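Participant: File protein08.txt below, compact mmCIF, C-alpha atoms:
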# COMPACT_ATOMS: atom_id res chain seq x y z
CA MET A 57 -17.99 -53.12 43.56
CA LYS A 58 -19.03 -52.53 39.96
CA LYS A 59 -22.61 -53.58 40.68
CA ILE A 60 -22.64 -51.22 43.65
CA SER A 61 -21.39 -48.37 41.41
CA ILE A 62 -24.21 -49.01 38.94
CA LEU A 63 -26.75 -49.19 41.80
CA ILE A 64 -25.50 -45.89 43.22
CA MET A 65 -25.75 -44.41 39.73
CA LEU A 66 -29.39 -45.51 39.41
CA MET A 67 -30.26 -43.98 42.78
CA GLY A 68 -28.43 -40.81 41.77
CA ILE A 69 -30.47 -40.62 38.56
CA ILE A 70 -33.75 -40.65 40.48
CA LEU A 71 -32.52 -37.95 42.86
CA VAL A 72 -31.20 -35.76 40.01
CA LEU A 73 -34.45 -36.06 38.04
CA ILE A 74 -36.54 -35.04 41.07
CA VAL A 75 -34.33 -32.02 41.79
CA ALA A 76 -33.99 -31.00 38.12
CA VAL A 77 -37.75 -30.82 37.46
CA GLY A 78 -38.09 -28.48 40.43
CA LEU A 79 -35.45 -25.97 39.33
CA GLY A 80 -36.08 -23.12 36.90
CA SER A 81 -37.40 -19.57 36.79
CA ILE A 82 -39.87 -20.81 39.42
CA ASN A 83 -38.24 -23.09 41.97
CA ILE A 84 -40.34 -25.93 43.34
CA ASP A 85 -39.52 -27.79 46.55
CA PRO A 86 -38.10 -31.28 45.77
CA SER A 87 -40.65 -32.87 48.11
CA ILE A 88 -43.47 -31.31 46.08
CA SER A 89 -41.82 -32.39 42.81
CA TYR A 90 -41.53 -35.92 44.14
CA LYS A 91 -45.19 -36.06 45.19
CA ILE A 92 -46.39 -34.67 41.85
CA LEU A 93 -44.35 -37.28 39.96
CA ILE A 94 -45.57 -40.14 42.17
CA ASN A 95 -49.20 -38.98 41.89
CA HIS A 96 -48.87 -38.92 38.11
CA PHE A 97 -48.05 -42.64 38.03
CA PHE A 98 -50.00 -43.69 41.13
CA THR A 99 -53.17 -41.62 41.20
CA ASP A 100 -53.86 -39.85 44.52
CA PHE A 101 -51.00 -41.62 46.30
CA TYR A 102 -50.34 -38.35 48.15
CA THR A 103 -52.95 -35.83 49.28
CA LYS A 104 -52.81 -32.88 46.91
CA ASN A 105 -51.64 -29.72 48.69
CA TRP A 106 -50.16 -27.78 45.76
CA ASN A 107 -51.48 -25.54 42.98
CA ASP A 108 -52.46 -27.01 39.62
CA SER A 109 -49.99 -24.61 37.97
CA LEU A 110 -47.05 -26.39 39.64
CA GLU A 111 -48.25 -29.71 38.28
CA ILE A 112 -48.52 -28.24 34.77
CA ILE A 113 -45.00 -26.79 34.99
CA ILE A 114 -43.50 -30.10 36.06
CA MET A 115 -45.46 -32.55 33.90
CA GLU A 116 -45.87 -30.51 30.70
CA VAL A 117 -42.72 -28.38 30.60
CA ARG A 118 -39.87 -29.60 32.77
CA LEU A 119 -40.25 -33.38 32.86
CA PRO A 120 -40.23 -33.76 29.04
CA ARG A 121 -37.16 -31.53 28.88
CA VAL A 122 -35.35 -33.46 31.60
CA LEU A 123 -36.20 -36.77 29.94
CA LEU A 124 -34.97 -35.48 26.56
CA ALA A 125 -31.74 -34.29 28.21
CA PHE A 126 -31.27 -37.72 29.76
CA VAL A 127 -31.76 -39.73 26.56
CA THR A 128 -29.55 -37.29 24.63
CA GLY A 129 -26.66 -37.56 27.08
CA ALA A 130 -27.10 -41.32 27.45
CA SER A 131 -27.17 -41.91 23.69
CA MET A 132 -24.17 -39.70 22.90
CA SER A 133 -22.14 -41.37 25.65
CA MET A 134 -23.00 -44.85 24.42
CA ILE A 135 -22.09 -43.95 20.83
CA GLY A 136 -18.83 -42.44 22.11
CA VAL A 137 -17.91 -45.77 23.73
CA LEU A 138 -18.66 -47.67 20.52
CA MET A 139 -16.67 -45.28 18.33
CA GLN A 140 -13.66 -45.26 20.61
CA THR A 141 -13.67 -49.06 20.65
CA LEU A 142 -14.05 -49.37 16.89
CA THR A 143 -11.38 -46.82 16.00
CA LYS A 144 -9.14 -47.47 19.02
CA ASN A 145 -8.93 -43.70 19.30
CA ASN A 146 -9.73 -42.06 22.64
CA LEU A 147 -10.86 -38.85 20.94
CA ALA A 148 -13.55 -40.39 18.75
CA GLU A 149 -17.12 -39.17 19.35
CA PRO A 150 -20.05 -37.97 17.19
CA PHE A 151 -19.37 -34.23 17.56
CA ILE A 152 -15.62 -34.31 16.91
CA LEU A 153 -15.96 -36.73 13.98
CA GLY A 154 -18.47 -34.45 12.26
CA ILE A 155 -21.49 -36.76 12.48
CA SER A 156 -23.48 -34.26 14.53
CA SER A 157 -22.57 -31.46 12.10
CA GLY A 158 -23.68 -33.60 9.16
CA ALA A 159 -26.99 -34.33 10.85
CA SER A 160 -27.45 -30.65 11.62
CA ALA A 161 -26.74 -29.69 7.99
CA GLY A 162 -29.31 -32.22 6.79
CA ALA A 163 -31.96 -30.94 9.20
CA VAL A 164 -31.34 -27.28 8.32
CA SER A 165 -31.47 -28.10 4.59
CA VAL A 166 -34.96 -29.54 5.02
CA ILE A 167 -36.15 -26.59 7.14
CA ILE A 168 -34.96 -23.88 4.74
CA LEU A 169 -34.84 -25.49 1.29
CA SER A 170 -38.24 -27.18 1.54
CA THR A 171 -39.90 -23.97 0.30
CA VAL A 172 -37.55 -23.78 -2.70
CA PHE A 173 -37.08 -27.36 -3.87
CA THR A 174 -39.95 -29.85 -4.06
CA LEU A 175 -37.61 -32.74 -3.20
CA PHE A 176 -36.82 -31.31 0.24
CA SER A 177 -40.50 -30.74 1.02
CA LYS A 178 -41.03 -34.50 0.81
CA ILE A 179 -38.41 -35.19 3.49
CA SER A 180 -38.98 -34.79 7.23
CA VAL A 181 -36.47 -33.01 9.46
CA SER A 182 -35.44 -36.29 11.09
CA GLN A 183 -34.95 -37.92 7.68
CA GLY A 184 -32.82 -34.98 6.56
CA ALA A 185 -30.74 -35.31 9.72
CA PHE A 186 -30.27 -39.02 9.03
CA ILE A 187 -29.11 -38.40 5.44
CA GLY A 188 -26.66 -35.72 6.59
CA ALA A 189 -25.31 -37.92 9.39
CA LEU A 190 -24.96 -40.88 7.02
CA LEU A 191 -23.05 -38.80 4.48
CA SER A 192 -20.63 -37.35 7.05
CA THR A 193 -20.13 -40.78 8.65
CA PHE A 194 -19.38 -42.35 5.26
CA ILE A 195 -16.79 -39.69 4.44
CA VAL A 196 -14.97 -39.99 7.78
CA PHE A 197 -14.94 -43.76 8.08
CA SER A 198 -14.26 -44.46 4.40
CA MET A 199 -11.09 -42.37 4.64
CA THR A 200 -9.86 -43.77 7.95
CA ILE A 201 -11.00 -47.37 8.32
CA PHE A 202 -12.28 -49.12 5.25
CA ARG A 203 -9.83 -48.00 2.62
CA TYR A 204 -6.93 -45.94 3.86
CA SER A 205 -5.79 -47.73 7.00
CA SER A 206 -2.69 -45.54 7.19
CA LEU A 207 -4.97 -42.59 7.87
CA ARG A 208 -6.40 -44.11 11.05
CA THR A 209 -4.07 -42.03 13.20
CA ASN A 210 -5.50 -38.93 11.45
CA LEU A 211 -9.09 -39.84 12.26
CA ILE A 212 -9.62 -36.69 14.31
CA LEU A 213 -8.14 -34.45 11.62
CA VAL A 214 -10.51 -35.92 9.05
CA GLY A 215 -13.40 -35.54 11.49
CA VAL A 216 -12.55 -31.90 12.20
CA GLY A 217 -12.35 -31.21 8.47
CA VAL A 218 -15.72 -32.87 7.79
CA SER A 219 -17.28 -31.09 10.77
CA SER A 220 -16.00 -27.71 9.56
CA PHE A 221 -17.32 -28.35 6.05
CA PHE A 222 -20.82 -29.25 7.22
CA ALA A 223 -20.86 -26.36 9.70
CA ALA A 224 -19.95 -23.98 6.85
CA LEU A 225 -22.62 -25.57 4.65
CA THR A 226 -25.21 -25.10 7.40
CA ASN A 227 -24.28 -21.42 7.80
CA PHE A 228 -24.39 -20.89 4.05
CA ILE A 229 -27.89 -22.37 3.82
CA ILE A 230 -29.06 -20.27 6.76
CA TYR A 231 -27.72 -17.02 5.30
CA SER A 232 -29.19 -17.82 1.89
CA SER A 233 -32.71 -17.75 3.36
CA THR A 234 -34.81 -14.60 3.21
CA ASN A 235 -37.41 -15.99 5.61
CA ASN A 236 -36.64 -14.71 9.11
CA SER A 237 -38.72 -17.34 10.87
CA GLN A 238 -36.82 -20.09 9.02
CA VAL A 239 -33.50 -18.52 9.99
CA ILE A 240 -34.48 -18.34 13.66
CA THR A 241 -35.64 -21.97 13.57
CA ALA A 242 -32.46 -23.11 11.82
CA MET A 243 -30.14 -21.23 14.20
CA PHE A 244 -31.45 -23.55 16.91
CA TRP A 245 -29.46 -26.40 15.35
CA MET A 246 -26.16 -24.57 15.62
CA SER A 247 -25.79 -24.35 19.39
CA GLY A 248 -28.09 -27.04 20.75
CA SER A 249 -31.20 -26.62 22.86
CA LEU A 250 -33.75 -28.78 24.65
CA SER A 251 -36.46 -26.14 24.72
CA SER A 252 -38.57 -27.92 22.10
CA ALA A 253 -39.07 -30.96 24.32
CA THR A 254 -42.62 -32.34 24.52
CA LYS A 255 -44.04 -35.67 25.62
CA ASP A 256 -44.93 -36.54 22.03
CA ILE A 257 -41.33 -36.59 20.75
CA LEU A 258 -39.79 -38.78 23.46
CA LEU A 259 -40.92 -42.24 22.36
CA LYS A 260 -38.75 -42.58 19.24
CA PRO A 261 -35.35 -41.61 20.75
CA TYR A 262 -35.96 -43.65 23.92
CA LEU A 263 -37.08 -46.72 22.01
CA LEU A 264 -34.13 -46.55 19.61
CA SER A 265 -31.67 -45.82 22.41
CA LEU A 266 -32.84 -48.72 24.60
CA ILE A 267 -32.81 -51.18 21.67
CA ILE A 268 -29.21 -50.26 20.84
CA LEU A 269 -28.27 -50.43 24.54
CA PHE A 270 -29.70 -53.95 24.75
CA ILE A 271 -27.83 -55.08 21.61
CA ASN A 272 -24.59 -53.54 22.91
CA ILE A 273 -24.90 -55.53 26.13
CA LEU A 274 -25.38 -58.72 24.09
CA ILE A 275 -22.21 -58.09 22.03
CA ALA A 276 -20.14 -56.73 24.93
CA ASN A 277 -17.71 -59.67 24.83
CA GLU A 278 -17.03 -59.09 21.12
CA LEU A 279 -16.35 -55.43 21.85
CA ASP A 280 -13.87 -56.47 24.56
CA ILE A 281 -12.05 -58.68 22.07
CA PHE A 282 -12.06 -55.90 19.46
CA LEU A 283 -9.84 -53.86 21.78
CA LEU A 284 -7.07 -56.42 21.22
CA GLY A 285 -6.81 -55.36 17.60
CA GLU A 286 -8.74 -56.11 14.44
CA ASN A 287 -6.52 -59.00 13.31
CA THR A 288 -6.60 -60.64 16.74
CA ALA A 289 -10.36 -60.19 16.98
CA ARG A 290 -10.80 -61.75 13.54
CA SER A 291 -8.63 -64.74 14.47
CA LEU A 292 -10.75 -65.24 17.60
CA GLY A 293 -13.93 -65.48 15.54
CA VAL A 294 -15.25 -61.91 15.75
CA ASN A 295 -16.92 -60.70 12.57
CA THR A 296 -15.05 -57.40 12.36
CA LYS A 297 -16.84 -56.24 9.21
CA PHE A 298 -20.19 -56.68 10.90
CA MET A 299 -18.93 -54.78 13.96
CA LYS A 300 -17.85 -51.83 11.82
CA ILE A 301 -21.12 -51.71 9.90
CA TYR A 302 -23.13 -52.11 13.11
CA VAL A 303 -21.35 -49.22 14.86
CA ILE A 304 -21.76 -46.96 11.83
CA ILE A 305 -25.48 -47.73 11.43
CA CYS A 306 -26.15 -47.35 15.16
CA SER A 307 -24.22 -44.10 15.32
CA THR A 308 -25.97 -42.65 12.30
CA LEU A 309 -29.47 -43.67 13.40
CA LEU A 310 -29.14 -42.57 17.00
CA VAL A 311 -27.21 -39.34 16.40
CA SER A 312 -29.57 -38.20 13.63
CA SER A 313 -32.59 -39.04 15.78
CA ILE A 314 -31.20 -36.96 18.66
CA VAL A 315 -29.83 -34.06 16.60
CA SER A 316 -33.16 -33.67 14.78
CA LEU A 317 -34.65 -32.84 18.20
CA THR A 318 -31.84 -31.01 20.01
CA GLY A 319 -29.43 -29.58 17.47
CA ILE A 320 -25.69 -29.96 18.02
CA ILE A 321 -24.61 -30.77 21.58
CA GLY A 322 -20.94 -31.61 21.59
CA PHE A 323 -18.32 -33.36 23.71
CA VAL A 324 -20.67 -35.56 25.77
CA GLY A 325 -19.52 -38.67 23.92
CA LEU A 326 -15.91 -37.71 24.64
CA ILE A 327 -16.09 -36.80 28.32
CA ILE A 328 -18.34 -39.49 29.76
CA PRO A 329 -16.66 -42.66 28.40
CA HIS A 330 -13.32 -41.52 29.85
CA ILE A 331 -14.80 -40.78 33.27
CA SER A 332 -16.67 -44.09 33.19
CA ARG A 333 -13.52 -46.09 32.41
CA LYS A 334 -11.80 -44.55 35.42
CA ILE A 335 -14.70 -45.58 37.67
CA ILE A 336 -15.96 -48.86 36.23
CA GLY A 337 -13.08 -50.24 34.14
CA HIS A 338 -12.81 -51.27 30.48
CA LYS A 339 -15.15 -54.27 30.30
CA HIS A 340 -17.87 -53.19 27.92
CA LYS A 341 -20.82 -54.83 29.65
CA ASN A 342 -20.31 -52.60 32.68
CA LEU A 343 -18.83 -49.66 30.77
CA ILE A 344 -21.74 -49.29 28.33
CA ILE A 345 -24.39 -49.41 31.07
CA PHE A 346 -22.50 -47.03 33.36
CA SER A 347 -21.68 -44.59 30.53
CA TYR A 348 -25.31 -44.62 29.42
CA PHE A 349 -26.62 -43.59 32.83
CA LEU A 350 -23.76 -41.22 33.65
CA GLY A 351 -24.14 -39.45 30.30
CA GLY A 352 -27.84 -38.99 30.95
CA VAL A 353 -27.25 -37.54 34.42
CA PHE A 354 -24.46 -35.29 33.14
CA LEU A 355 -26.61 -33.68 30.47
CA VAL A 356 -29.57 -33.26 32.83
CA LEU A 357 -27.26 -31.37 35.21
CA ALA A 358 -25.76 -29.35 32.35
CA ASP A 359 -29.20 -28.38 31.06
CA THR A 360 -30.40 -27.50 34.55
CA PHE A 361 -27.41 -25.18 34.88
CA ALA A 362 -28.05 -23.69 31.42
CA ARG A 363 -31.66 -22.78 32.20
CA THR A 364 -31.18 -21.58 35.78
CA ILE A 365 -27.89 -19.66 35.89
CA PHE A 366 -29.46 -16.61 34.16
CA ALA A 367 -33.12 -17.46 34.82
CA PRO A 368 -35.59 -16.64 33.37
CA GLU A 369 -33.25 -16.47 30.36
CA GLU A 370 -31.37 -19.60 29.34
CA ILE A 371 -28.09 -20.20 27.52
CA PRO A 372 -27.68 -22.86 24.81
CA ILE A 373 -26.67 -26.15 26.37
CA GLY A 374 -23.99 -26.60 23.71
CA ILE A 375 -22.09 -23.71 25.34
CA VAL A 376 -22.09 -25.48 28.71
CA THR A 377 -20.86 -28.80 27.31
CA ALA A 378 -18.19 -27.00 25.26
CA PHE A 379 -16.87 -25.21 28.36
CA ILE A 380 -16.39 -28.61 30.00
CA GLY A 381 -15.54 -30.65 26.91
CA ALA A 382 -12.96 -28.43 25.20
CA PRO A 383 -10.46 -28.48 28.12
CA THR A 384 -11.05 -32.23 28.46
CA PHE A 385 -10.33 -32.64 24.74
CA LEU A 386 -7.04 -30.72 25.09
CA PHE A 387 -6.09 -32.71 28.19
CA ILE A 388 -6.62 -36.02 26.39
CA ILE A 389 -4.56 -34.81 23.41
CA LYS A 390 -1.73 -33.83 25.77
CA LYS A 391 -1.95 -37.18 27.55
CA GLU A 392 -1.85 -39.09 24.26
CA TYR A 393 1.15 -37.03 23.11
CA LEU A 394 3.08 -37.66 26.33
CA ARG A 395 2.29 -41.37 26.11
CA GLY A 396 3.60 -41.43 22.55
CA GLU A 397 6.76 -39.60 23.56
CA SER A 398 7.46 -41.96 26.46
CA SER A 399 7.08 -45.02 24.20
CA LYS A 400 9.78 -43.79 21.79
Give the structure from the file, written as structure tokens.
Facilitator:
Amino acid sequence: MKKISILIMLMGIILVLIVAVGLGSINIDPSISYKILINHFFTDFYTKNWNDSLEIIIMEVRLPRVLLAFVTGASMSMIGVLMQTLTKNNLAEPFILGISSGASAGAVSVIILSTVFTLFSKISVSQGAFIGALLSTFIVFSMTIFRYSSLRTNLILVGVGVSSFFAALTNFIIYSSTNNSQVITAMFWMSGSLSSATKDILLKPYLLSLIILFINILIANELDIFLLGENTARSLGVNTKFMKIYVIICSTLLVSSIVSLTGIIGFVGLIIPHISRKIIGHKHKNLIIFSYFLGGVFLVLADTFARTIFAPEEIPIGIVTAFIGAPTFLFIIKKEYLRGESSK
């Protein structure tokens, strides 16, 4: 049944990708989209009966954007699964814990302060995002896992505090700039967008995402054991310190890599793991794969909605995910509260 669910998901991905590249300010028939995509990989497989402009729209504009949406959703979902396993907290995910905000602050600092301070001019946007994500991750996890174990139940509160601080820092840096073009560029990081997608930027996030996915599948059994509790996992031979460090490094690398391209897109890592557990169960080998693909499909659909609902104008994708994610966040909090009350 689980293998069938994953197979259905894979077929659904192909269908969604074909439909998504055809939708926009100019709608293209899915059959034409399909033929253009096939002809790109298998030259002249279909007889060409469409305008060159349609091929340019699909291959140069929409396909890179759809692929960036997919890897972004897939990566955030996978990191959400890892964080929720590590912290044993169903609300843990990069956006809520402030990692995305830290990455955004780092990226914006490089964009705006590079003209003022020589040090920042020597750092790329992606490197700035990584430093910001690493700093925010260190603050959150050092307060809740490594040192103050009693604060673990307050993980979300710490994350919200860190997220608010870095969001305020980002706004301060933006408003301190007198360069309008820098401000416009930096504002992109605050609400999330996939409009900068090009073929040239896709290799790094996909390569990093697939490597981490492969490693996660290899350590899936250890992740299953980790759910039993840290002490139990340690007694069963799991290197819990390594697991913590691994999750933190993976989260920081992948989130910073994505945020440096898309800005802040929240709640994906919260919503998708919960839906996936309902469908596929808690075993990590299946859960990680299913969450990865479902997260990718979810964000492709969300981005398609964002760029078509008011076409030719588009709304930031972060608004769409927040509309879905915020109620889900509140629902999970209520569910956790009721569970705690019933156990008293």
Participant: Between A:Ile187, A:Val239, A:Ile275, A:Val75, which residue has the minimum interatomic distance to A:Phe361, considering all atoms listed in the file?
Facilitator: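 Answer, going by the shortest atom-to-atom distance: A:Val75.
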Participant: Hey, what's within 8 Å of A:Thr128 if we count all atoms listed in the file and toss same-chain stuff fewer than 5 positions away? As a list in words, please?
Facilitator: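 Everything that qualifies: Ile314, Gly352 and Leu355 of chain A.
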Participant: If I wrap all listed atoms of stretch 105-123 of chain A in a box with edges along x, y and z and add 4 Å on each side, what are its centre and edge lengths in Å to one decimal, as AutoDock Vina command-line options?
Facilitator:
--center_x -43.9 --center_y -30.7 --center_z 38.8 --size_x 25.1 --size_y 20.2 --size_z 27.8
Participant: List the neighbours of A:Ser160 out to 7 Å using all atoms listed in the file; skip same-chain residues closer than 5 positions along the sequence, and give me the result as JSON, numbers by chain.
Facilitator: {"A": [185, 245, 315, 319, 320]}
Participant: Do you have the atom CA of A:Val356-atom CA of A:Ala125 distance handy?
Facilitator: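 Distance between the two atoms: 5.2 Å.
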Participant: Measure the distance from atom CA of A:Ser182 to atom CA of A:Ser316 in Å and round it to one decimal.
Facilitator: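 Atom-to-atom, atom CA of A:Ser182 to atom CA of A:Ser316, that is 5.1 Å.
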Participant: Write out as a PyMOL selection string which residues come within 6 Å of A:Arg121 when counting all atoms listed in the file, dropping same-chain ones fewer than 3 positions away.
Facilitator: chain A and resi 118+124+253
Participant: Restricting the calculation to all atoms listed in the file: of A:Leu123, A:Ile328, A:Leu153, A:Leu274, which residue gets closest to A:Val216?
Facilitator: A:Leu153
Participant: I'd like the interatomic distance between atom CA of A:Val117 and atom CA of A:Asn105, to a tenth of an Å.
Facilitator: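 Computing the Euclidean distance for atom CA of A:Val117 and atom CA of A:Asn105 yields 20.2 Å.
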Participant: Using all atoms listed in the file, which protein or nucleic acid residues come within 8 Å of A:Val137? Drop anything in the same chain fewer than 2 positions from it, and give the result as a list in words.
Facilitator: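 That gives Ser133, Met134, Ile135, Met139, Gln140, Thr141, Glu149, Gly325, Pro329, Ile344 and Ser347 of chain A.
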Participant: Identify which of the residues A:Ile321, A:Ile371, A:Ile271, A:Val214 lies closest to A:His340, counting all atoms listed in the file when measuring atom-to-atom distances.
Facilitator: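 Comparing A:Ile321, A:Ile371, A:Ile271, A:Val214 against A:His340, the winner is A:Ile271.
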Participant: Using only C-alpha atoms, which of the listed residues (A:Phe197, A:Tyr90, A:Phe126, A:Phe222) sits closest to A:Val164?
Facilitator: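 Between A:Phe197, A:Tyr90, A:Phe126, A:Phe222, the residue approaching A:Val164 most closely is A:Phe222.
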Participant: Which residue is closest to A:Ala362? Choose from A:Ser87, A:Leu309, A:Ser157, A:Gly80 and count all atoms listed in the file.
Facilitator: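 Smallest separation from A:Ala362 among the options: A:Gly80.
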Participant: For A:Gly285, which residue out of A:Ile113, A:Leu142, A:Leu66, A:Val181 is the nearest one, using only C-alpha atoms?
Facilitator: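 The answer is A:Leu142, which sits nearest to A:Gly285.
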Participant: Within 7 Å of A:Phe323, counting only C-alpha atoms, which residues show up once you throw out same-chain ones fewer than 4 positions away? Write them as a count of residues only, please.
Facilitator: 5
